[in-house]
$ cat data_38.cif   # mmCIF, C-alpha atoms
data_upload
#
loop_
_atom_site.label_atom_id
_atom_site.label_comp_id
_atom_site.auth_asym_id
_atom_site.auth_seq_id
_atom_site.Cartn_x
_atom_site.Cartn_y
_atom_site.Cartn_z
CA MET W 1 10.23 18.44 -5.28
CA LYS W 2 13.60 19.43 -6.68
CA THR W 3 14.14 23.18 -6.94
CA PRO W 4 14.78 24.08 -10.59
CA GLU W 5 18.05 25.70 -11.54
CA VAL W 6 18.00 29.26 -12.83
CA TRP W 7 19.31 30.29 -16.23
CA ILE W 8 19.58 33.94 -17.24
CA THR W 9 19.72 35.57 -20.65
CA VAL W 10 22.28 38.28 -21.38
CA GLY W 11 21.56 40.61 -24.30
CA GLN W 12 23.24 43.74 -25.59
CA ARG W 13 20.27 46.01 -24.87
CA GLY W 14 20.68 47.44 -21.37
CA PHE W 15 23.96 45.57 -21.00
CA ASN W 16 26.97 46.85 -19.07
CA ASP W 17 29.92 45.39 -17.18
CA GLU W 18 28.54 46.39 -13.78
CA ASN W 19 25.30 44.47 -14.35
CA LEU W 20 27.30 41.44 -15.47
CA LYS W 21 29.34 41.53 -12.24
CA ARG W 22 26.15 41.71 -10.19
CA LEU W 23 24.68 38.69 -11.95
CA CYS W 24 27.76 36.64 -11.13
CA ASN W 25 27.02 37.10 -7.42
CA TYR W 26 23.87 34.99 -7.67
CA GLU W 27 23.52 31.21 -7.84
CA ILE W 28 23.00 30.96 -11.58
CA ALA W 29 23.35 27.62 -13.33
CA ALA W 30 23.79 28.94 -16.87
CA TYR W 31 24.33 32.16 -18.78
CA ARG W 32 22.60 32.33 -22.16
CA ILE W 33 24.06 34.83 -24.64
CA ASN W 34 21.29 36.18 -26.88
CA THR W 35 22.63 37.28 -30.26
CA GLY W 36 19.30 38.21 -31.84
CA ARG W 37 20.33 41.86 -32.27
CA SER W 38 24.03 41.54 -31.56
CA SER W 39 27.21 40.52 -33.34
CA LEU W 40 29.21 37.41 -32.55
CA ASN W 41 32.12 39.73 -31.75
CA TRP W 42 30.04 41.22 -28.91
CA ALA W 43 29.16 37.68 -27.82
CA TYR W 44 32.85 36.73 -27.75
CA GLN W 45 33.74 39.72 -25.58
CA THR W 46 30.88 38.91 -23.21
CA ILE W 47 31.96 35.27 -22.95
CA ARG W 48 35.54 36.37 -22.26
CA LYS W 49 34.33 38.66 -19.44
CA LEU W 50 32.20 35.91 -17.89
CA VAL W 51 35.11 33.47 -17.90
CA SER W 52 37.40 36.11 -16.36
CA MET W 53 34.81 36.41 -13.55
CA GLY W 54 35.11 32.70 -12.82
CA ILE W 55 32.20 31.33 -14.87
CA ALA W 56 33.06 27.95 -16.41
CA PRO W 57 32.67 27.81 -20.22
CA LYS W 58 30.42 24.74 -19.88
CA ASN W 59 27.89 26.98 -18.07
CA ILE W 60 27.75 29.50 -20.92
CA TYR W 61 25.25 28.97 -23.76
CA LEU W 62 25.40 30.89 -27.04
CA ASP W 63 22.35 31.27 -29.30
CA ILE W 64 23.26 30.65 -32.94
CA GLY W 65 21.37 30.51 -36.23
CA ASN W 66 18.84 33.21 -35.28
CA LYS W 67 17.65 34.48 -38.68
CA LYS W 68 14.41 36.17 -37.66
CA PRO W 69 13.19 38.85 -40.11
CA ARG W 70 13.78 42.28 -38.55
CA ILE W 71 12.31 45.64 -39.46
CA THR W 72 14.47 48.73 -39.96
CA LEU W 73 12.78 51.98 -38.93
CA GLN W 74 13.20 55.11 -41.03
CA ASN W 75 15.80 57.25 -39.21
CA LYS W 76 14.28 56.49 -35.80
CA ASP W 77 15.27 54.40 -32.81
CA SER W 78 11.65 53.75 -31.82
CA ILE W 79 7.99 54.57 -32.52
CA GLU W 80 5.27 54.79 -29.87
CA ILE W 81 2.27 52.77 -31.07
CA LYS W 82 -1.33 53.05 -29.90
CA ILE W 83 -4.32 50.81 -30.68
CA GLU W 84 -5.70 51.45 -34.21
CA ASP W 85 -2.57 53.32 -35.34
CA ILE W 86 -1.59 52.52 -38.93
CA ILE W 87 1.96 51.25 -39.53
CA SER W 88 3.37 50.90 -43.04
CA ILE W 89 6.20 48.54 -43.95
CA SER W 90 7.90 48.51 -47.34
CA HIS W 91 9.93 45.83 -49.08
CA GLU W 92 12.42 48.54 -50.12
CA VAL W 93 13.95 51.61 -48.48
CA THR W 94 11.51 54.50 -48.90
CA LYS W 95 10.50 57.61 -46.98
CA LYS W 96 6.84 56.80 -47.58
CA ALA W 97 6.83 53.95 -45.04
CA ASP W 98 7.53 53.76 -41.31
CA GLY W 99 10.09 51.02 -41.91
CA TRP W 100 11.36 48.48 -44.37
CA LEU W 101 12.01 44.75 -44.45
CA SER W 102 14.13 42.96 -47.05
CA ASN W 103 12.81 39.47 -46.20
CA CYS W 104 10.96 38.20 -49.29
CA ILE W 105 9.24 35.29 -47.49
CA PHE W 106 7.34 37.69 -45.21
CA PHE W 107 5.68 39.43 -48.16
CA GLU W 108 5.07 36.16 -50.01
CA GLU W 109 3.29 34.58 -47.02
CA LEU W 110 1.29 37.64 -45.99
CA SER W 111 -2.49 37.80 -46.54
CA LEU W 112 -5.25 40.27 -45.66
CA ASP W 113 -6.55 39.82 -42.09
CA ASP W 114 -3.36 38.02 -41.00
CA THR W 115 -2.06 38.99 -37.58
CA VAL W 116 1.49 40.34 -37.62
CA TYR W 117 3.50 40.49 -34.40
CA PHE W 118 6.65 42.29 -33.31
CA GLY W 119 9.21 40.89 -30.88
CA ASP W 120 7.72 37.93 -29.02
CA GLY W 121 4.19 39.23 -29.51
CA GLU W 122 4.45 42.40 -27.42
CA ILE W 123 2.77 44.31 -30.27
CA GLU W 124 0.23 42.73 -32.64
CA CYS W 125 -1.33 44.24 -35.76
CA SER W 126 -3.90 43.17 -38.34
CA VAL W 127 -3.11 43.42 -42.06
CA VAL W 128 -5.49 45.95 -43.66
CA GLU W 129 -3.84 46.61 -47.02
CA ILE W 130 -1.24 44.94 -49.25
CA THR W 131 0.24 46.54 -52.36
CA GLN W 132 3.13 45.36 -54.53
CA GLN W 133 5.83 46.80 -52.27
CA THR W 134 4.09 47.93 -49.06
CA VAL W 135 1.83 46.49 -46.36
CA LYS W 136 -0.32 48.56 -43.99
CA LEU W 137 -1.00 47.28 -40.49
CA LYS W 138 -3.55 48.41 -37.89
CA SER W 139 -2.21 48.09 -34.37
CA LEU W 140 -4.11 45.89 -31.91
CA SER W 141 -1.80 46.82 -29.04
CA ASN W 142 -0.17 49.75 -27.31
CA GLY W 143 3.61 49.67 -27.11
CA THR W 144 6.98 50.80 -28.38
CA LEU W 145 8.20 49.63 -31.77
CA THR W 146 12.00 49.59 -31.67
CA ASN W 147 14.50 49.57 -34.50
CA ASN W 148 15.62 46.13 -35.70
CA VAL W 149 12.78 44.38 -33.84
CA ALA W 150 11.78 40.90 -35.04
CA ILE W 151 8.59 40.57 -37.07
CA GLY W 152 6.45 37.53 -37.83
CA ILE W 153 3.00 36.29 -38.84
CA VAL W 154 0.91 34.41 -36.29
CA GLY W 155 0.50 30.76 -37.29
CA LYS W 156 3.10 30.90 -40.10
CA GLU W 157 6.74 29.82 -39.87
CA LEU W 158 8.93 32.34 -41.68
CA VAL W 159 12.25 31.15 -40.23
CA HIS W 160 13.89 27.79 -40.81
CA PHE W 161 17.05 26.29 -39.32
CA HIS W 162 20.08 27.66 -41.15
CA ILE W 163 23.68 28.50 -40.22
CA ASP W 164 25.75 30.09 -42.97
CA SER W 165 29.47 29.52 -43.57
CA LYS W 166 30.49 32.91 -42.10
CA GLU W 167 28.68 32.14 -38.84
CA ILE W 168 30.20 28.64 -38.72
CA ASP W 169 33.72 30.07 -38.99
CA GLU W 170 33.10 32.75 -36.34
CA ILE W 171 31.56 30.28 -33.87
CA ASN W 172 34.42 27.80 -34.27
CA LYS W 173 36.89 30.61 -33.52
CA ILE W 174 35.03 31.28 -30.26
CA LEU W 175 35.07 27.56 -29.41
CA LEU W 176 38.85 27.40 -29.85
CA ASP W 177 39.21 29.74 -26.86
CA PHE W 178 36.07 28.83 -24.93
CA PRO W 179 34.45 25.36 -25.27
CA ILE W 180 30.97 26.67 -24.45
CA CYS W 181 27.53 25.19 -25.21
CA LEU W 182 25.53 26.17 -28.29
CA ILE W 183 21.76 26.68 -28.55
CA LEU W 184 20.40 25.99 -32.04
CA SER W 185 17.65 28.41 -33.01
CA PHE W 186 14.60 27.22 -34.98
CA VAL W 187 15.54 23.55 -35.02
CA GLU W 188 13.14 21.48 -37.15
CA LYS W 189 14.43 17.90 -37.05
CA SER W 190 17.05 15.61 -35.50
CA ASP W 191 19.36 15.98 -38.53
CA ASP W 192 19.86 19.64 -37.55
CA ILE W 193 21.45 18.54 -34.26
CA ILE W 194 23.49 15.74 -35.82
CA CYS W 195 24.86 18.12 -38.48
CA SER W 196 25.69 20.79 -35.87
CA LYS W 197 27.66 18.31 -33.76
CA GLU W 198 29.83 17.67 -36.83
CA LEU W 199 30.19 21.40 -37.59
CA PHE W 200 31.10 22.35 -34.01
CA PRO W 201 33.12 19.44 -32.54
CA LYS W 202 34.62 21.58 -29.73
CA ALA W 203 31.23 22.65 -28.30
CA HIS W 204 30.63 21.30 -24.79
CA ASN W 205 26.97 20.64 -25.63
CA ILE W 206 24.59 21.21 -28.55
CA VAL W 207 21.12 22.24 -27.36
CA PRO W 208 18.15 22.34 -29.77
CA LYS W 209 15.74 25.22 -29.19
CA ILE W 210 12.14 24.06 -29.62
CA GLU W 211 10.25 27.05 -31.00
CA THR W 212 8.54 25.83 -34.18
CA TRP W 213 5.65 23.47 -34.85
CA SER W 214 8.00 21.38 -37.01
CA ALA W 215 10.18 20.75 -33.96
CA VAL W 216 7.13 19.69 -31.93
CA GLU W 217 6.11 17.21 -34.62
CA ASN W 218 9.66 15.78 -34.75
CA PHE W 219 10.29 15.98 -31.00
CA ASP W 220 10.63 12.22 -30.37
CA SER W 221 13.58 11.96 -32.76
CA ILE W 222 15.10 15.24 -31.52
CA VAL W 223 15.37 14.08 -27.87
CA ASP W 224 17.04 10.89 -29.10
CA VAL W 225 20.11 12.92 -30.16
CA ALA W 226 20.12 15.69 -27.52
CA LYS W 227 21.18 15.77 -23.86
CA THR W 228 19.39 19.07 -23.17
CA ILE W 229 16.54 20.87 -24.93
CA PHE W 230 15.49 24.50 -24.66
CA ILE W 231 11.78 25.30 -25.04
CA GLY W 232 11.40 28.80 -26.49
CA ARG W 233 7.89 29.55 -25.26
CA GLY W 234 7.57 32.93 -26.99
CA ASP W 235 8.07 31.86 -30.61
CA LEU W 236 6.51 28.45 -29.98
CA GLY W 237 3.38 30.11 -28.57
CA LEU W 238 3.11 32.30 -31.65
CA SER W 239 3.64 29.32 -33.95
CA ALA W 240 1.29 26.88 -32.21
CA GLY W 241 -1.07 29.32 -30.46
CA LEU W 242 -0.47 30.90 -27.05
CA GLU W 243 -3.56 29.20 -25.61
CA LYS W 244 -1.93 25.80 -26.33
CA ILE W 245 1.54 26.52 -24.97
CA GLY W 246 0.89 25.14 -21.47
CA ILE W 247 -0.39 21.80 -22.81
CA ILE W 248 2.40 21.50 -25.39
CA GLN W 249 5.06 22.43 -22.84
CA LYS W 250 3.85 19.75 -20.41
CA GLN W 251 3.89 17.09 -23.13
CA LEU W 252 7.41 18.05 -24.27
CA VAL W 253 8.81 18.11 -20.72
CA LEU W 254 7.38 14.65 -19.96
CA LYS W 255 8.77 13.19 -23.18
CA ALA W 256 12.19 14.76 -22.55
CA HIS W 257 12.37 13.38 -19.00
CA GLU W 258 11.35 9.92 -20.23
CA ALA W 259 14.25 10.10 -22.69
CA GLY W 260 16.66 11.18 -19.93
CA CYS W 261 16.97 14.67 -21.40
CA TYR W 262 17.38 17.88 -19.37
CA VAL W 263 14.94 20.73 -20.07
CA ALA W 264 15.39 24.51 -20.03
CA LEU W 265 12.26 26.69 -20.19
CA GLY W 266 12.29 30.23 -21.57
CA THR W 267 10.05 32.28 -19.26
CA GLY W 268 10.06 35.64 -21.05
CA THR W 269 6.51 34.93 -22.18
CA LEU W 270 5.34 35.41 -18.58
CA ASP W 271 6.77 38.93 -18.55
CA SER W 272 5.21 39.85 -21.93
CA LEU W 273 1.76 38.78 -20.67
CA LYS W 274 1.77 41.87 -18.43
CA TRP W 275 1.10 44.06 -21.45
CA SER W 276 0.00 41.61 -24.17
#

$ encode --input "data_38.cif" --output "structure tokens"
Amino acid sequence: MKTPEVWITVGQRGFNDENLKRLCNYEIAAYRINTGRSSLNWAYQTIRKLVSMGIAPKNIYLDIGNKKPRITLQNKDSIEIKIEDIISISHEVTKKADGWLSNCIFFEELSLDDTVYFGDGEIECSVVEITQQTVKLKSLSNGTLTNNVAIGIVGKELVHFHIDSKEIDEINKILLDFPICLILSFVEKSDDIICSKELFPKAHNIVPKIETWSAVENFDSIVDVAKTIFIGRGDLGLSAGLEKIGIIQKQLVLKAHEAGCYVALGTGTLDSLKWS
């Protein structure tokens, strides 16, 4: 059996130059730059440091198009949550709620008894009350709710593939200096990959990230236009059901290999299972 190669994810939280130097001492096949909570300027500086340490640009992968809804806490960096605590989220900035969220789709899709999750499902809550501008959630988990954490609704897709013109310009500026690989967040169909190849001609590789049910349904056509796919187990598990993720993952890996496509598996879900 061939030993799988190891990819690592570098994010701004807990990041420092010393840790980056330590990582470069290991046999790592690829460095994934997670921009979920970070700017592309930070990503550029991180890529520049990696290259200066001898990492080839073709082994660096940058997440793009991540438009997850994120909650802003009211003048706090974090809130400690216990089971059955009530959390209030407003559609507008107000001192009456624990946090606010400007994403209209979240409030439009929300229903009583829905399960709302934070991050990759580390904290889950049930919806107990919905008013015109505010939703109240009862926590089903213990944990720490951090500022700017992603929020979603189990079984509902709130995020669709989209890269705006500002992001396109910034990414192409990075590619002028460093012809790295790009990971497309929330891909839904093969056209998303084809379009991205035209938008980013200097990218070494365009990698679709499979993390929505739409991508699973369109997987056969997606692997036809991709050399590598990334399976985002966290968001995919929340979209399709965590109990199904093992079966779905096996099917996707087999199909990808049959198509001659490389596969990268996000394993953060294994870590989150320790507390959720």

$ resolve_selection --input "data_38.cif" --expression "the PyMOL selection byres ((chain W and resi 180-185) around 8)" --output "list in words"
Pro57, Lys58, Asn59, Ile60, Tyr61, Leu62, Asp63, Ile64, Gly65, Asn66, Phe161, Leu175, Phe178, Pro179, Phe186, Val187, Ile193, Ala203, His204, Asn205, Ile206, Val207, Pro208, Lys209, Ile210, Glu211 and Phe230 of chain W

$ atom_distance --input "data_38.cif" --atom1 "CA of Lys138 (chain W)" --atom2 "CA of Asp85 (chain W)"
5.6 Å

$ atom_distance --input "data_38.cif" --atom1 "CA of Ala43 (chain W)" --atom2 "CA of Tyr31 (chain W)"
11.6 Å

$ resolve_selection --input "data_38.cif" --expression "the PyMOL selection byres ((chain W and resi 234-247) around 8)" --output "PyMOL selection string"
chain W and resi 120-121+154-157+210-213+231-233+248-251+266+268-269

$ residues_around --input "data_38.cif" --residues "Val135 (chain W)" --least-positions-apart "2" --cutoff "7 Å" --atoms "only C-alpha atoms" --output "number ranges by chain"
W: 88-90, 129-131, 137

$ atom_distance --input "data_38.cif" --atom1 "CA of Ala259 (chain W)" --atom2 "CA of Ala215 (chain W)"
16.0 Å

$ residues_around --input "data_38.cif" --residues "Asp113 (chain W)" --least-positions-apart "2" --cutoff "7 Å" --atoms "all atoms listed in the file" --output "list in words"
Ser111, Thr115, Ser126, Val127 and Val128 of chain W

$ closest_residue --input "data_38.cif" --among "W:Leu199, W:Ser52, W:Gly152, W:Arg13" --to "Gly119 (chain W)" --atoms "only C-alpha atoms"
W:Gly152

$ closest_residue --input "data_38.cif" --among "W:Val216, W:Phe118, W:Pro201, W:Ala264" --to "Arg32 (chain W)" --atoms "all atoms listed in the file"
W:Ala264

$ build_atoms --input "data_38.cif" --residues "region 249-267 of chain W" --atoms "N, CA, C and O atoms" --output "short mmCIF file (atom, residue, chain, number, x, y, z; two decimals), keeping the file's coordinate frame"
data_model
loop_
_atom_site.label_atom_id
_atom_site.label_comp_id
_atom_site.auth_asym_id
_atom_site.auth_seq_id
_atom_site.Cartn_x
_atom_site.Cartn_y
_atom_site.Cartn_z
N GLN W 249 3.88 22.42 -23.70
CA GLN W 249 5.06 22.43 -22.84
C GLN W 249 5.07 21.21 -21.92
O GLN W 249 6.10 20.54 -21.77
N LYS W 250 3.93 20.89 -21.32
CA LYS W 250 3.85 19.75 -20.41
C LYS W 250 4.18 18.45 -21.13
O LYS W 250 4.93 17.60 -20.63
N GLN W 251 3.64 18.30 -22.35
CA GLN W 251 3.89 17.09 -23.13
C GLN W 251 5.38 16.96 -23.47
O GLN W 251 5.96 15.87 -23.38
N LEU W 252 5.99 18.08 -23.88
CA LEU W 252 7.41 18.05 -24.27
C LEU W 252 8.31 17.74 -23.08
O LEU W 252 9.27 16.97 -23.20
N VAL W 253 7.99 18.34 -21.93
CA VAL W 253 8.81 18.11 -20.72
C VAL W 253 8.73 16.64 -20.31
O VAL W 253 9.75 16.01 -19.99
N LEU W 254 7.54 16.06 -20.33
CA LEU W 254 7.38 14.65 -19.96
C LEU W 254 8.15 13.74 -20.90
O LEU W 254 8.84 12.81 -20.47
N LYS W 255 8.05 14.00 -22.19
CA LYS W 255 8.77 13.19 -23.18
C LYS W 255 10.28 13.32 -23.00
O LYS W 255 11.02 12.33 -23.10
N ALA W 256 10.75 14.53 -22.73
CA ALA W 256 12.19 14.76 -22.55
C ALA W 256 12.70 14.01 -21.32
O ALA W 256 13.75 13.37 -21.37
N HIS W 257 11.95 14.07 -20.23
CA HIS W 257 12.37 13.38 -19.00
C HIS W 257 12.37 11.87 -19.21
O HIS W 257 13.26 11.16 -18.71
N GLU W 258 11.39 11.36 -19.94
CA GLU W 258 11.35 9.92 -20.23
C GLU W 258 12.57 9.48 -21.04
O GLU W 258 13.04 8.35 -20.92
N ALA W 259 13.07 10.40 -21.87
CA ALA W 259 14.25 10.10 -22.69
C ALA W 259 15.55 10.40 -21.96
O ALA W 259 16.64 10.25 -22.53
N GLY W 260 15.46 10.85 -20.69
CA GLY W 260 16.66 11.18 -19.93
C GLY W 260 17.29 12.49 -20.35
O GLY W 260 18.51 12.68 -20.21
N CYS W 261 16.48 13.40 -20.85
CA CYS W 261 16.97 14.67 -21.40
C CYS W 261 16.65 15.81 -20.43
O CYS W 261 15.54 15.90 -19.90
N TYR W 262 17.62 16.70 -20.18
CA TYR W 262 17.38 17.88 -19.37
C TYR W 262 16.54 18.89 -20.16
O TYR W 262 16.58 18.91 -21.40
N VAL W 263 15.81 19.75 -19.43
CA VAL W 263 14.94 20.73 -20.07
C VAL W 263 15.21 22.13 -19.51
O VAL W 263 15.28 22.31 -18.29
N ALA W 264 15.34 23.10 -20.41
CA ALA W 264 15.39 24.51 -20.03
C ALA W 264 14.16 25.19 -20.60
O ALA W 264 13.80 24.98 -21.76
N LEU W 265 13.48 26.00 -19.77
CA LEU W 265 12.26 26.69 -20.19
C LEU W 265 12.51 28.19 -20.27
O LEU W 265 12.94 28.80 -19.29
N GLY W 266 12.23 28.78 -21.45
CA GLY W 266 12.29 30.23 -21.57
C GLY W 266 11.05 30.82 -20.94
O GLY W 266 9.93 30.43 -21.29
N THR W 267 11.21 31.75 -19.99
CA THR W 267 10.05 32.28 -19.26
C THR W 267 9.74 33.72 -19.61
O THR W 267 8.93 34.37 -18.95
#
